[in-house]
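**Student:** I'd like to ask some things about the structure below.
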Amino acid sequence: MTTIGLIGSGHIGKAIAQQAVAHGYDVVLSNSRGPETLGDVVASLGERARAGTAEDAAAAGDLVVVTVPFKNYTQVPVEPLAGKVVIDTNNYYFERDGRWPDIDEGRTSPSELLAEHLPTSKVVKAFNAIQALHIVDAALPAGDPARRALAIAGDDADAKKVVSDLIDQFGFDVVDAGPLVEGRRFDRDKPAYGAEVGADGMREAIAAG
């Protein structure tokens, strides 16, 4: 894996891109306003970064990060993501996204809806429960007793291994919450959401969710 595509280049997307470039990956960034609006971001990241459309980022990425407002998830291109590992960082904020009764009443979750939209992709929920700034500033080497843990969830074991390895490279331990449906355990307002804890603390928070 050499290229990470980013569909969405807000705070989370920029932080992941910064970490990716720092660890030797190429990145292709995109947003809803067009690649011409990402010149400053690309310049700050250096020669490993370029801007494109969402379709460009989806096609170029060996691994693709979807980091858009949840209400826009159906705008994520489907065809170029076929067979690919897709990291879903999205959160459902009804104040921004409007009310989704199926989520409010527990029948589904944001990541499950994205997976339905991308039926041939391997969706892994990650990076939704950490502040963007911390993705860069809180990273620590493996074995550091103060190292934080991030939760992931997904239905494909190989895809979760890819994402876990990336998160470990970025400077965090990983706690696997289980299949994608269990990603609800670290959604907004759950104990694991935003928890600044190590692996044991994250397991406890996930269980409490």
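Identifiers in the structure tokens: chain A, B, ... in order shown; residue index from 1 per chain; ligand index from 1 in order shown.
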Using DSSP on the backbone, list every residue of range 42-197 of chain A that comes out as alpha helix (DSSP H), and give them as an MDAnalysis selection string.
**Tutor:** chainID A and resid 42:45 54:60 94:97 101:104 110:117 132:137 157:170
**Student:** Applying 8 Å and only C-alpha atoms, which residues near range 20-29 of chain A remain after dropping the ones on its own chain fewer than 2 positions away? List them as a list in words.
**Tutor:**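 Near neighbours after the sequence-gap exclusion: Thr2, Thr3, Ile4, Gly5, Leu6, Ile7, Gly8, Ser9, Ile16, Ala17, Gln18, Asn31, Pro35, Leu38, Val42, Leu45, Arg48, Ala49, Arg50, Ala51, Gly52, Thr53, Ala54, Asp56, Ala57, Ala60, Gly61, Gln169 and Phe170 of chain A.
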**Student:** Determine, using only C-alpha atoms, which residues of range 35-120 of chain A have any atom at most 10 Å from an atom of range 186-190 of chain A, and tabulate each with its shortest atom pair and distance in Å to one decimal place, rows ordered by chain and then rising number, as a tab-separated table.
**Tutor:**
residue	atom	partner	partner_atom	distance
A:Asn90	CA	A:Asp187	CA	9.4
A:Asn91	CA	A:Asp187	CA	6.9
A:Tyr92	CA	A:Arg188	CA	7.5
A:Tyr93	CA	A:Arg188	CA	8.0
A:Ser109	CA	A:Asp187	CA	8.8
A:Pro110	CA	A:Asp187	CA	9.0
A:Ser111	CA	A:Asp187	CA	9.8
**Student:** Using only C-alpha atoms, which residues of range 143-192 of chain A come within 10 Å of range 67-85 of chain A, and what is the closest atom pair for each, with the distance in Å to one decimal? Give it as a Markdown table, sorted by chain and residue number.
**Tutor:**
| residue | atom | partner | partner_atom | distance |
| --- | --- | --- | --- | --- |
| A:Asp156 | CA | A:Val85 | CA | 9.2 |
| A:Asp158 | CA | A:Val85 | CA | 9.1 |
| A:Ala159 | CA | A:Val85 | CA | 5.8 |
| A:Lys160 | CA | A:Val85 | CA | 8.6 |
| A:Val162 | CA | A:Val85 | CA | 8.0 |
| A:Val163 | CA | A:Val85 | CA | 8.3 |
**Student:** Can you spit out the residues from that selection as a short mmCIF file (atom, residue, chain, number, x, y, z; two decimals), in the first residue's frame, using N, CA and C atoms?
**Tutor:**
data_model
loop_
_atom_site.label_atom_id
_atom_site.label_comp_id
_atom_site.auth_asym_id
_atom_site.auth_seq_id
_atom_site.Cartn_x
_atom_site.Cartn_y
_atom_site.Cartn_z
N ASP A 156 -14.62 -7.44 7.96
CA ASP A 156 -13.60 -8.16 7.21
C ASP A 156 -12.30 -8.17 8.00
N ASP A 158 -9.24 -9.18 7.27
CA ASP A 158 -8.05 -8.68 6.57
C ASP A 158 -8.06 -7.15 6.50
N ALA A 159 -9.23 -6.58 6.26
CA ALA A 159 -9.34 -5.13 6.20
C ALA A 159 -9.01 -4.51 7.56
N LYS A 160 -9.48 -5.14 8.63
CA LYS A 160 -9.18 -4.62 9.96
C LYS A 160 -7.69 -4.71 10.27
N VAL A 162 -5.29 -4.35 8.03
CA VAL A 162 -4.70 -3.23 7.30
C VAL A 162 -4.85 -1.94 8.10
N VAL A 163 -6.05 -1.70 8.60
CA VAL A 163 -6.33 -0.47 9.34
C VAL A 163 -5.60 -0.47 10.68
#
**Student:** Mind checking which residues fall within 10 Å of range 125-129 of chain A, counting only C-alpha atoms, ignoring those fewer than 2 positions away in the same chain, and posting them as a short mmCIF file (atom, residue, chain, number, x, y, z; two decimals) with N, CA and C atoms, in the first residue's frame?
**Tutor:**
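Written file, out.cif:
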data_model
loop_
_atom_site.label_atom_id
_atom_site.label_comp_id
_atom_site.auth_asym_id
_atom_site.auth_seq_id
_atom_site.Cartn_x
_atom_site.Cartn_y
_atom_site.Cartn_z
N ILE A 12 -10.23 16.18 10.41
CA ILE A 12 -9.80 14.77 10.52
C ILE A 12 -9.02 14.36 9.28
N GLY A 13 -9.54 14.70 8.11
CA GLY A 13 -8.85 14.34 6.87
C GLY A 13 -7.46 14.92 6.79
N ILE A 16 -5.11 13.03 9.24
CA ILE A 16 -4.73 11.71 8.71
C ILE A 16 -3.75 11.87 7.57
N VAL A 65 -10.03 6.88 2.85
CA VAL A 65 -10.67 7.39 4.06
C VAL A 65 -11.87 8.24 3.67
N VAL A 66 -13.03 7.89 4.20
CA VAL A 66 -14.23 8.70 4.00
C VAL A 66 -14.42 9.54 5.25
N THR A 67 -14.31 10.84 5.10
CA THR A 67 -14.37 11.74 6.25
C THR A 67 -15.15 12.99 5.86
N VAL A 86 -12.03 0.71 3.10
CA VAL A 86 -12.50 2.08 3.31
C VAL A 86 -12.61 2.35 4.80
N ILE A 87 -11.89 3.35 5.27
CA ILE A 87 -12.00 3.78 6.66
C ILE A 87 -13.12 4.81 6.76
N ASP A 88 -14.05 4.55 7.65
CA ASP A 88 -15.16 5.48 7.88
C ASP A 88 -14.92 6.23 9.18
N THR A 89 -14.71 7.54 9.09
CA THR A 89 -14.50 8.36 10.29
C THR A 89 -15.76 9.12 10.70
N ASN A 90 -16.86 8.90 10.00
CA ASN A 90 -18.03 9.76 10.14
C ASN A 90 -18.74 9.60 11.49
N ASN A 91 -19.32 10.69 11.92
CA ASN A 91 -20.18 10.70 13.10
C ASN A 91 -21.53 11.33 12.73
N PRO A 110 -24.33 4.94 11.53
CA PRO A 110 -23.72 5.62 10.38
C PRO A 110 -22.82 4.72 9.54
N SER A 111 -21.97 3.93 10.18
CA SER A 111 -21.05 3.09 9.41
C SER A 111 -21.78 1.98 8.67
N GLU A 112 -22.84 1.45 9.26
CA GLU A 112 -23.61 0.42 8.57
C GLU A 112 -24.29 1.00 7.33
N LEU A 114 -23.12 3.53 5.53
CA LEU A 114 -22.06 3.70 4.53
C LEU A 114 -21.73 2.36 3.88
N ALA A 115 -21.67 1.30 4.68
CA ALA A 115 -21.38 -0.03 4.13
C ALA A 115 -22.47 -0.48 3.16
N VAL A 123 -15.58 -1.88 4.66
CA VAL A 123 -15.65 -0.69 5.51
C VAL A 123 -15.19 -1.01 6.93
N GLN A 131 -10.21 13.46 18.73
CA GLN A 131 -10.11 14.81 18.19
C GLN A 131 -9.05 14.85 17.10
N ALA A 132 -9.31 15.63 16.07
CA ALA A 132 -8.39 15.71 14.93
C ALA A 132 -6.98 16.06 15.38
N ILE A 135 -4.80 13.22 16.64
CA ILE A 135 -4.29 12.22 15.69
C ILE A 135 -2.81 12.45 15.43
N LEU A 150 -7.12 3.40 20.09
CA LEU A 150 -8.27 3.75 19.28
C LEU A 150 -9.08 2.49 19.00
N ALA A 151 -10.39 2.64 18.95
CA ALA A 151 -11.28 1.52 18.65
C ALA A 151 -11.52 1.43 17.16
N ILE A 152 -11.68 0.21 16.68
CA ILE A 152 -12.10 -0.03 15.30
C ILE A 152 -13.22 -1.07 15.31
N ALA A 153 -13.96 -1.12 14.20
CA ALA A 153 -14.98 -2.15 14.01
C ALA A 153 -15.11 -2.41 12.52
N GLY A 154 -15.36 -3.66 12.16
CA GLY A 154 -15.52 -4.00 10.75
C GLY A 154 -15.84 -5.46 10.59
N ASP A 155 -16.31 -5.82 9.41
CA ASP A 155 -16.74 -7.20 9.15
C ASP A 155 -15.70 -8.04 8.43
N LYS A 160 -9.48 -5.14 8.63
CA LYS A 160 -9.18 -4.62 9.96
C LYS A 160 -7.69 -4.71 10.27
N VAL A 163 -6.05 -1.70 8.60
CA VAL A 163 -6.33 -0.47 9.34
C VAL A 163 -5.60 -0.47 10.68
N SER A 164 -5.56 -1.61 11.34
CA SER A 164 -4.85 -1.69 12.62
C SER A 164 -3.37 -1.39 12.45
N ILE A 167 -2.93 2.36 12.00
CA ILE A 167 -3.10 3.09 13.26
C ILE A 167 -1.88 2.90 14.16
N VAL A 174 -4.53 -0.38 19.20
CA VAL A 174 -5.84 -0.64 18.58
C VAL A 174 -6.62 -1.63 19.42
N ASP A 176 -10.07 -3.84 18.92
CA ASP A 176 -11.08 -4.28 17.96
C ASP A 176 -12.40 -4.51 18.69
N ALA A 177 -13.39 -3.69 18.36
CA ALA A 177 -14.70 -3.81 19.02
C ALA A 177 -15.55 -4.93 18.42
N PRO A 179 -17.51 -6.79 14.89
CA PRO A 179 -18.09 -6.48 13.59
C PRO A 179 -18.60 -5.04 13.52
N LEU A 180 -18.92 -4.62 12.31
CA LEU A 180 -19.26 -3.21 12.09
C LEU A 180 -20.41 -2.75 12.96
N VAL A 181 -21.36 -3.61 13.21
CA VAL A 181 -22.51 -3.23 14.04
C VAL A 181 -22.07 -2.78 15.43
N GLU A 182 -20.94 -3.33 15.92
CA GLU A 182 -20.45 -2.96 17.24
C GLU A 182 -19.78 -1.59 17.26
N GLY A 183 -19.62 -0.98 16.09
CA GLY A 183 -19.10 0.37 16.05
C GLY A 183 -20.00 1.36 16.79
N ARG A 184 -21.24 0.98 17.01
CA ARG A 184 -22.14 1.84 17.79
C ARG A 184 -21.60 2.07 19.20
N PHE A 186 -18.74 2.97 20.12
CA PHE A 186 -17.88 4.14 20.27
C PHE A 186 -18.37 5.31 19.42
N ASP A 187 -19.69 5.35 19.23
CA ASP A 187 -20.31 6.51 18.61
C ASP A 187 -20.43 7.64 19.63
N ARG A 188 -20.92 8.76 19.15
CA ARG A 188 -21.13 9.94 19.98
C ARG A 188 -21.90 9.60 21.26
N ASP A 189 -21.46 10.21 22.33
CA ASP A 189 -22.09 10.11 23.65
C ASP A 189 -21.88 8.75 24.33
N LYS A 190 -21.10 7.86 23.73
CA LYS A 190 -20.76 6.60 24.38
C LYS A 190 -19.47 6.77 25.18
N ALA A 192 -16.66 5.33 25.14
CA ALA A 192 -15.42 5.22 24.38
C ALA A 192 -15.20 6.41 23.44
N TYR A 193 -16.21 7.23 23.26
CA TYR A 193 -16.12 8.36 22.34
C TYR A 193 -15.26 9.45 22.96
N GLY A 194 -14.12 9.69 22.37
CA GLY A 194 -13.21 10.71 22.88
C GLY A 194 -12.40 10.28 24.09
N ALA A 195 -12.50 9.01 24.48
CA ALA A 195 -11.80 8.54 25.67
C ALA A 195 -10.29 8.57 25.45
N GLU A 196 -9.59 9.22 26.35
CA GLU A 196 -8.13 9.32 26.27
C GLU A 196 -7.53 8.28 27.20
#
**Student:** Calculated over only C-alpha atoms, which of the candidates A:Glu55, A:Glu47, A:Asp62, A:Glu105 has the smallest distance to Gly34 in chain A?
**Tutor:** A:Glu55
**Student:** Pick out the closest residue to Leu140 in chain A from this set: A:Lys14, A:Gly198, A:Val41, A:Glu116. Count only C-alpha atoms.
**Tutor:**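 The shortest atom-to-atom distance to Leu140 in chain A comes from A:Gly198.
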**Student:** Using Å and a single decimal, report how far CA of Asp102 in chain A sits from CA of Arg185 in chain A.
**Tutor:** 16.3 Å
